[in-house]
>>> print(open('data22.csv').read())   # CSV, C-alpha atoms
chain,number,residue,atom,x,y,z
F,1,LEU,CA,0.0,0.0,0.0
F,2,ARG,CA,2.7,2.5,1.0
F,3,LEU,CA,4.8,1.5,-2.0
F,4,GLY,CA,1.8,2.3,-4.2
F,5,ILE,CA,1.3,5.7,-2.6
F,6,ALA,CA,5.0,6.5,-3.0
F,7,CYS,CA,5.1,5.5,-6.7
F,8,GLY,CA,1.9,7.5,-7.3
F,9,GLN,CA,3.6,10.6,-5.8
F,10,LEU,CA,6.5,10.0,-8.1
F,11,GLN,CA,4.1,9.8,-11.1
F,12,ASP,CA,5.3,6.1,-11.7
F,13,PHE,CA,1.8,4.9,-12.5
F,14,PRO,CA,2.7,1.3,-13.5
F,15,CYS,CA,4.6,0.8,-10.3
F,16,ALA,CA,1.7,2.3,-8.3
F,17,SER,CA,-0.9,0.2,-10.0
F,18,GLU,CA,0.9,-3.0,-9.5
F,19,ALA,CA,1.6,-2.3,-5.8
F,20,LEU,CA,-2.0,-1.4,-5.1
F,21,GLU,CA,-3.3,-4.5,-6.9
F,22,LYS,CA,-1.1,-6.6,-4.6
F,23,ALA,CA,-2.3,-4.7,-1.5
F,24,GLU,CA,-5.9,-5.2,-2.5
F,25,SER,CA,-5.5,-8.9,-3.0
F,26,THR,CA,-3.7,-9.3,0.4
F,27,TYR,CA,-6.4,-7.2,2.3
F,28,GLN,CA,-9.2,-9.3,0.6
F,29,ALA,CA,-7.5,-12.5,1.7
F,30,LEU,CA,-7.4,-11.2,5.2
F,31,SER,CA,-11.0,-10.0,5.1
F,32,ASN,CA,-9.6,-6.6,6.1
F,33,TYR,CA,-12.2,-4.3,4.5
F,34,GLU,CA,-10.8,-1.1,6.0
F,35,GLY,CA,-7.6,-2.0,4.1
F,36,VAL,CA,-9.5,-2.7,0.9
F,37,ALA,CA,-11.3,0.6,1.2
F,38,GLU,CA,-7.9,2.4,1.6
F,39,VAL,CA,-6.6,0.8,-1.5
F,40,LEU,CA,-9.7,1.9,-3.5
F,41,PHE,CA,-9.2,5.4,-2.1
F,42,GLN,CA,-5.6,5.6,-3.2
F,43,ARG,CA,-6.4,4.2,-6.6
F,44,GLY,CA,-9.1,6.9,-7.0
F,45,PHE,CA,-6.4,9.4,-6.1
F,46,LEU,CA,-4.1,7.9,-8.7
F,47,PHE,CA,-6.8,8.1,-11.4
F,48,THR,CA,-7.4,11.7,-10.5
F,49,TYR,CA,-3.7,12.5,-11.0
F,50,GLN,CA,-4.2,11.1,-14.6
F,51,ALA,CA,-7.4,13.1,-15.1
F,52,LYS,CA,-9.4,9.9,-15.3
F,53,PHE,CA,-12.3,11.2,-13.3
F,54,PRO,CA,-15.0,8.6,-14.0
F,55,ASP,CA,-12.5,5.8,-13.0
F,56,SER,CA,-11.6,7.8,-9.9
F,57,ARG,CA,-15.3,8.2,-8.9
F,58,LYS,CA,-15.9,4.4,-9.4
F,59,GLN,CA,-13.1,3.5,-7.0
F,60,LEU,CA,-14.1,6.1,-4.4
F,61,GLU,CA,-17.8,5.1,-4.5
F,62,ARG,CA,-16.8,1.5,-3.9
F,63,ALA,CA,-14.6,2.6,-1.0
F,64,GLN,CA,-17.5,4.7,0.4
F,65,GLU,CA,-19.8,1.6,0.4
F,66,MET,CA,-17.2,-0.4,2.4
F,67,THR,CA,-16.5,2.4,4.8
F,68,ASN,CA,-20.2,3.0,5.5
F,69,ALA,CA,-20.3,-0.7,6.4
F,70,THR,CA,-17.2,-0.6,8.6
F,71,GLY,CA,-18.2,2.7,10.3
F,72,LYS,CA,-14.7,4.1,10.1
F,73,HIS,CA,-15.5,7.9,10.4
F,74,TYR,CA,-11.9,9.1,9.6
F,75,GLN,CA,-11.8,7.2,6.4
F,76,LEU,CA,-15.3,8.2,5.4
F,77,ILE,CA,-14.5,11.9,5.9
F,78,ARG,CA,-11.5,11.7,3.6
F,79,LEU,CA,-13.5,9.9,1.0
F,80,LEU,CA,-16.3,12.5,1.1
F,81,GLN,CA,-13.6,15.3,0.7
F,82,PHE,CA,-12.0,13.6,-2.3
F,83,LEU,CA,-15.4,12.8,-3.9
F,84,SER,CA,-16.2,16.5,-3.5
F,85,MET,CA,-13.1,17.4,-5.5
F,86,VAL,CA,-13.8,14.8,-8.2
F,87,SER,CA,-17.4,16.1,-8.5
F,88,ALA,CA,-16.1,19.7,-8.9
F,89,LEU,CA,-13.7,18.6,-11.6
F,90,GLU,CA,-16.5,16.8,-13.4
F,91,GLY,CA,-18.6,20.0,-13.2
F,92,HIS,CA,-21.1,18.7,-10.6
F,93,LEU,CA,-20.8,21.7,-8.4
F,94,THR,CA,-23.9,21.3,-6.2
F,95,GLU,CA,-22.9,17.7,-5.5
F,96,ALA,CA,-19.3,18.9,-4.7
F,97,GLU,CA,-20.7,21.4,-2.2
F,98,ASP,CA,-23.0,18.9,-0.6
F,99,LEU,CA,-20.2,16.3,-0.2
F,100,ALA,CA,-17.8,18.8,1.4
F,101,THR,CA,-20.5,20.0,3.8
F,102,GLN,CA,-21.2,16.4,4.8
F,103,ALA,CA,-17.5,15.9,5.5
F,104,ILE,CA,-17.4,19.1,7.7
F,105,GLN,CA,-20.4,18.0,9.7
F,106,LEU,CA,-19.1,14.5,10.2
F,107,ALA,CA,-15.6,15.7,11.2
F,108,LYS,CA,-17.1,18.2,13.7
F,109,THR,CA,-19.5,15.6,15.2
F,110,ASN,CA,-16.6,13.2,15.8
F,111,ASN,CA,-14.1,15.9,17.0
F,112,ILE,CA,-11.6,15.2,14.2
F,113,GLU,CA,-10.2,18.7,14.0
F,114,ASN,CA,-7.6,18.2,11.3
F,115,LEU,CA,-10.2,16.8,8.8
F,116,ALA,CA,-12.8,19.4,9.8
F,117,THR,CA,-10.2,22.1,8.8
F,118,SER,CA,-9.3,20.4,5.5
F,119,ALA,CA,-13.0,19.9,4.7
F,120,LEU,CA,-13.5,23.7,5.0
F,121,THR,CA,-10.9,24.1,2.3
F,122,TRP,CA,-12.6,21.5,0.1
F,123,LEU,CA,-15.9,23.3,0.5
F,124,GLY,CA,-14.2,26.6,-0.5
F,125,ASN,CA,-12.9,24.8,-3.6
F,126,ALA,CA,-16.4,23.7,-4.6
F,127,LEU,CA,-17.7,27.3,-4.2
F,128,LEU,CA,-14.7,28.7,-6.1
F,129,PHE,CA,-15.4,26.4,-9.0
F,130,ARG,CA,-19.0,27.9,-9.0
F,131,GLY,CA,-17.6,31.4,-9.0
F,132,ASP,CA,-19.0,32.2,-5.6
F,133,TYR,CA,-15.8,34.1,-4.4
F,134,GLY,CA,-17.4,35.6,-1.3
F,135,ALA,CA,-18.5,32.2,0.1
F,136,ALA,CA,-15.3,30.5,-0.9
F,137,GLU,CA,-13.2,33.2,0.9
F,138,LYS,CA,-15.3,32.7,4.1
F,139,TYR,CA,-14.4,29.0,4.2
F,140,TYR,CA,-10.8,29.4,3.2
F,141,GLN,CA,-10.3,32.0,6.0
F,142,GLN,CA,-12.0,29.7,8.6
F,143,ALA,CA,-9.7,26.9,7.5
F,144,LEU,CA,-6.6,29.1,7.6
F,145,SER,CA,-7.5,30.4,11.1
F,146,LEU,CA,-8.0,26.9,12.5
F,147,ALA,CA,-4.9,25.5,10.9
F,148,GLN,CA,-2.8,28.4,12.3
F,149,ARG,CA,-4.4,28.0,15.7
F,150,ASP,CA,-3.7,24.3,15.9
F,151,LYS,CA,-0.4,24.5,14.1
F,152,MET,CA,-1.5,22.2,11.3
F,153,ARG,CA,1.2,23.3,8.8
F,154,VAL,CA,0.1,21.2,5.8
F,155,ASN,CA,-3.5,22.4,6.1
F,156,GLU,CA,-2.2,26.0,6.6
F,157,ALA,CA,-0.1,25.8,3.4
F,158,TRP,CA,-3.1,24.4,1.4
F,159,ALA,CA,-5.4,27.1,2.7
F,160,LEU,CA,-2.8,29.8,1.8
F,161,THR,CA,-2.5,28.3,-1.7
F,162,GLN,CA,-6.3,28.4,-2.2
F,163,MET,CA,-6.6,32.0,-0.9
F,164,GLY,CA,-3.8,32.9,-3.4
F,165,SER,CA,-5.8,31.1,-6.2
F,166,LEU,CA,-8.9,33.1,-5.2
F,167,ARG,CA,-7.1,36.4,-5.2
F,168,SER,CA,-5.5,35.5,-8.6
F,169,GLN,CA,-8.9,35.0,-10.1
F,170,GLN,CA,-10.0,38.3,-8.6
F,171,HIS,CA,-7.0,39.9,-10.3
F,172,ARG,CA,-5.6,41.0,-7.0
F,173,SER,CA,-2.0,40.1,-7.7
F,174,GLU,CA,-0.2,41.6,-4.7
F,175,GLU,CA,-2.5,39.8,-2.3
F,176,SER,CA,-2.2,36.6,-4.2
F,177,LEU,CA,1.6,36.7,-3.9
F,178,GLN,CA,1.4,37.3,-0.2
F,179,TYR,CA,-0.5,34.1,0.3
F,180,VAL,CA,1.2,31.8,-2.2
F,181,GLU,CA,4.7,32.7,-1.4
F,182,GLN,CA,4.2,31.6,2.2
F,183,ALA,CA,2.8,28.3,1.0
F,184,ILE,CA,5.7,27.8,-1.4
F,185,ALA,CA,8.3,28.4,1.3
F,186,PHE,CA,6.7,25.6,3.3
F,187,TYR,CA,6.5,23.2,0.3
F,188,GLN,CA,10.2,23.8,-0.6
F,189,GLN,CA,11.4,23.4,3.0
F,190,ASN,CA,9.5,20.1,3.5
F,191,GLY,CA,9.8,18.4,0.1
F,192,TYR,CA,6.2,18.7,-1.1
F,193,HIS,CA,7.3,18.7,-4.7
F,194,LYS,CA,3.9,17.9,-6.3
F,195,TRP,CA,2.2,20.7,-4.3
F,196,LEU,CA,5.0,23.0,-5.2
F,197,SER,CA,4.6,22.3,-8.9
F,198,LEU,CA,0.9,23.1,-8.6
F,199,THR,CA,1.5,26.4,-6.8
F,200,LEU,CA,4.3,27.9,-8.8
F,201,PRO,CA,1.9,28.8,-11.7
F,202,LEU,CA,0.0,31.1,-9.3
F,203,VAL,CA,3.3,33.0,-8.6
F,204,GLY,CA,4.1,33.2,-12.3
F,205,ARG,CA,0.7,34.5,-13.2
F,206,ALA,CA,0.6,37.0,-10.4
F,207,TYR,CA,3.9,38.5,-11.5
F,208,ARG,CA,2.8,38.4,-15.1
F,209,ASP,CA,-0.4,40.4,-14.2
F,210,LYS,CA,1.8,42.9,-12.4
F,211,GLY,CA,3.9,43.3,-15.5
F,212,ASP,CA,7.0,41.9,-13.8
F,213,TYR,CA,7.8,39.5,-16.6
F,214,ASP,CA,11.3,38.5,-15.5
F,215,ALA,CA,10.0,37.3,-12.1
F,216,SER,CA,7.1,35.6,-13.9
F,217,LEU,CA,9.4,33.7,-16.2
F,218,LYS,CA,11.5,32.5,-13.3
F,219,ALA,CA,8.5,31.0,-11.6
F,220,PHE,CA,7.4,29.2,-14.7
F,221,GLU,CA,11.0,28.0,-15.3
F,222,ASP,CA,11.1,26.7,-11.7
F,223,GLN,CA,7.8,24.9,-12.4
F,224,ILE,CA,9.5,23.2,-15.4
F,225,LYS,CA,12.4,22.0,-13.2
F,226,VAL,CA,10.0,20.5,-10.6
F,227,GLY,CA,7.8,19.0,-13.3
F,228,GLU,CA,10.9,17.3,-14.9
F,229,GLN,CA,12.0,16.0,-11.5
F,230,LEU,CA,8.6,14.5,-11.0
F,231,GLY,CA,8.4,13.2,-14.5
F,232,ASP,CA,5.2,15.1,-14.9
F,233,GLN,CA,5.1,16.2,-18.6
F,234,ALA,CA,1.7,17.8,-18.1
F,235,GLN,CA,3.2,20.3,-15.7
F,236,VAL,CA,6.1,20.9,-18.0
F,237,ALA,CA,3.7,21.5,-20.9
F,238,ASN,CA,1.5,23.9,-18.9
F,239,ALA,CA,4.6,25.9,-17.9
F,240,ASP,CA,5.7,26.1,-21.5
F,241,ILE,CA,2.3,27.6,-22.5
F,242,ASP,CA,2.6,30.2,-19.7
F,243,ILE,CA,6.2,31.1,-20.7
F,244,GLY,CA,5.0,31.5,-24.3
F,245,PHE,CA,2.4,34.0,-23.2
F,246,VAL,CA,4.8,36.0,-21.2
F,247,LEU,CA,7.3,36.1,-24.0
F,248,SER,CA,4.6,37.3,-26.4
F,249,TYR,CA,3.8,40.1,-24.0
F,250,LYS,CA,7.5,41.0,-24.2
F,251,GLU,CA,7.1,40.9,-28.0
F,252,GLN,CA,9.8,38.2,-28.2
F,253,TYR,CA,7.8,36.3,-30.8
F,254,PRO,CA,10.3,33.8,-32.1
F,255,GLU,CA,11.1,32.7,-28.5
F,256,ALA,CA,7.4,32.6,-27.7
F,257,LEU,CA,6.7,30.4,-30.7
F,258,ARG,CA,9.5,28.0,-29.7
>>> encode(input="data22.csv", output="structure tokens")
Amino acid sequence: LRLGIACGQLQDFPCASEALEKAESTYQALSNYEGVAEVLFQRGFLFTYQAKFPDSRKQLERAQEMTNATGKHYQLIRLLQFLSMVSALEGHLTEAEDLATQAIQLAKTNNIENLATSALTWLGNALLFRGDYGAAEKYYQQALSLAQRDKMRVNEAWALTQMGSLRSQQHRSEESLQYVEQAIAFYQQNGYHKWLSLTLPLVGRAYRDKGDYDASLKAFEDQIKVGEQLGDQAQVANADIDIGFVLSYKEQYPEALR
């Protein structure tokens, strides 16, 4: 199971798939349904990395059925959170909001503070997808306050990232940078390379919108380096697109075309 998770984080999908298959077979043989549900959850996560959202939903819904039967609240809350994200990515925004709200309520009922905090961010994400910036900000700020109060550094960094994303969409570049640069410092110091690669574009776009094209290019070039380290060609391609835009703004058209 842990090997599958590690391979997934390294974007080595064949390794991850093989390890998770072995883990599922072993848990099935032991009649350990909590273990089977965890494998299904991780496989759903893996499919989401590959933008295979229907496959991800199928795995997560199977895991949810098992978790409802076993009554493992911690596991169920995580599943509801991730299903919320998949629903948002598929465009089912009302469902995404409902799932995130269920996760918050269940976490609070069972006094699982760290998941209650992350569920607030998931709910903010669903609302951000809908374009409801005011409501999204309310939940992001709640998540950020709780994470800072309880010293939950990962949740804090994630809430900072999402606040930066919100401000970017509102074209408030200075405020966006104030949030995301704090998150990036944490990701760099603690080796969260995947999260770093997903946050660097926010920095690049904020500097681009400010007209600081050199700083913008540096952020996108850093994104390429991290994407290459992860073997994530989608990240590299996205960064190339952004660099092309910035170079065209600088009227460096041959470089932009390249």
>>> atom_distance(input="data22.csv", atom1="CA of Asp98 in chain F", atom2="CA of Leu128 in chain F")
14.0 Å
>>> closest_residue(input="data22.csv", among="F:Ala6, F:Leu106, F:Phe47, F:Gln59", to="Lys72 in chain F", atoms="only C-alpha atoms")
F:Leu106
>>> atom_distance(input="data22.csv", atom1="CA of Arg43 in chain F", atom2="CA of Val180 in chain F")
29.0 Å
>>> closest_residue(input="data22.csv", among="F:Leu127, F:Ile241, F:Ala63, F:Leu202", to="Leu160 in chain F", atoms="only C-alpha atoms")
F:Leu202
>>> residues_around(input="data22.csv", residues="Asp132 in chain F", least_positions_apart="5", cutoff="12 Å", atoms="all atoms listed in the file", output="MDAnalysis selection string")
chainID F and resid 93:94 97 123:127 137:139 166 169:170
>>> closest_residue(input="data22.csv", among="F:Leu99, F:Ala135, F:Ala185, F:Val86", to="Thr48 in chain F", atoms="only C-alpha atoms")
F:Val86
>>> residues_around(input="data22.csv", residues="Gln102 in chain F", least_positions_apart="6", cutoff="9 Å", atoms="only C-alpha atoms", output="PDB file with C-alpha atoms, in the frame of the given file")
ATOM      1  CA  ILE F  77     -14.500  11.900   5.900  1.00  0.00           C
ATOM      2  CA  LEU F  80     -16.300  12.500   1.100  1.00  0.00           C
ATOM      3  CA  GLN F  81     -13.600  15.300   0.700  1.00  0.00           C
ATOM      4  CA  ALA F 119     -13.000  19.900   4.700  1.00  0.00           C
TER       5      ALA F 119
END
>>> closest_residue(input="data22.csv", among="F:Glu255, F:Asp12, F:Asp209, F:Glu34", to="Ala69 in chain F", atoms="only C-alpha atoms")
F:Glu34
>>> residues_around(input="data22.csv", residues="Tyr179 in chain F", least_positions_apart="5", cutoff="8 Å", atoms="all atoms listed in the file", output="list in words")
Leu160, Thr161, Met163 and Gly164 of chain F
>>> residues_around(input="data22.csv", residues="Lys250 in chain F", least_positions_apart="3", cutoff="8 Å", atoms="only C-alpha atoms", output="mmCIF file with C-alpha atoms, keeping the file's coordinate frame")
data_model
loop_
_atom_site.group_PDB
_atom_site.id
_atom_site.type_symbol
_atom_site.label_atom_id
_atom_site.label_comp_id
_atom_site.auth_asym_id
_atom_site.auth_seq_id
_atom_site.Cartn_x
_atom_site.Cartn_y
_atom_site.Cartn_z
ATOM 1 C CA TYR F 213 7.800 39.500 -16.600
ATOM 2 C CA VAL F 246 4.800 36.000 -21.200
ATOM 3 C CA LEU F 247 7.300 36.100 -24.000
#
>>> closest_residue(input="data22.csv", among="F:Asn190, F:Ser248, F:Gln42, F:Gln75", to="Asp55 in chain F", atoms="only C-alpha atoms")
F:Gln42
>>> atom_distance(input="data22.csv", atom1="CA of Ile224 in chain F", atom2="CA of Val236 in chain F")
4.9 Å
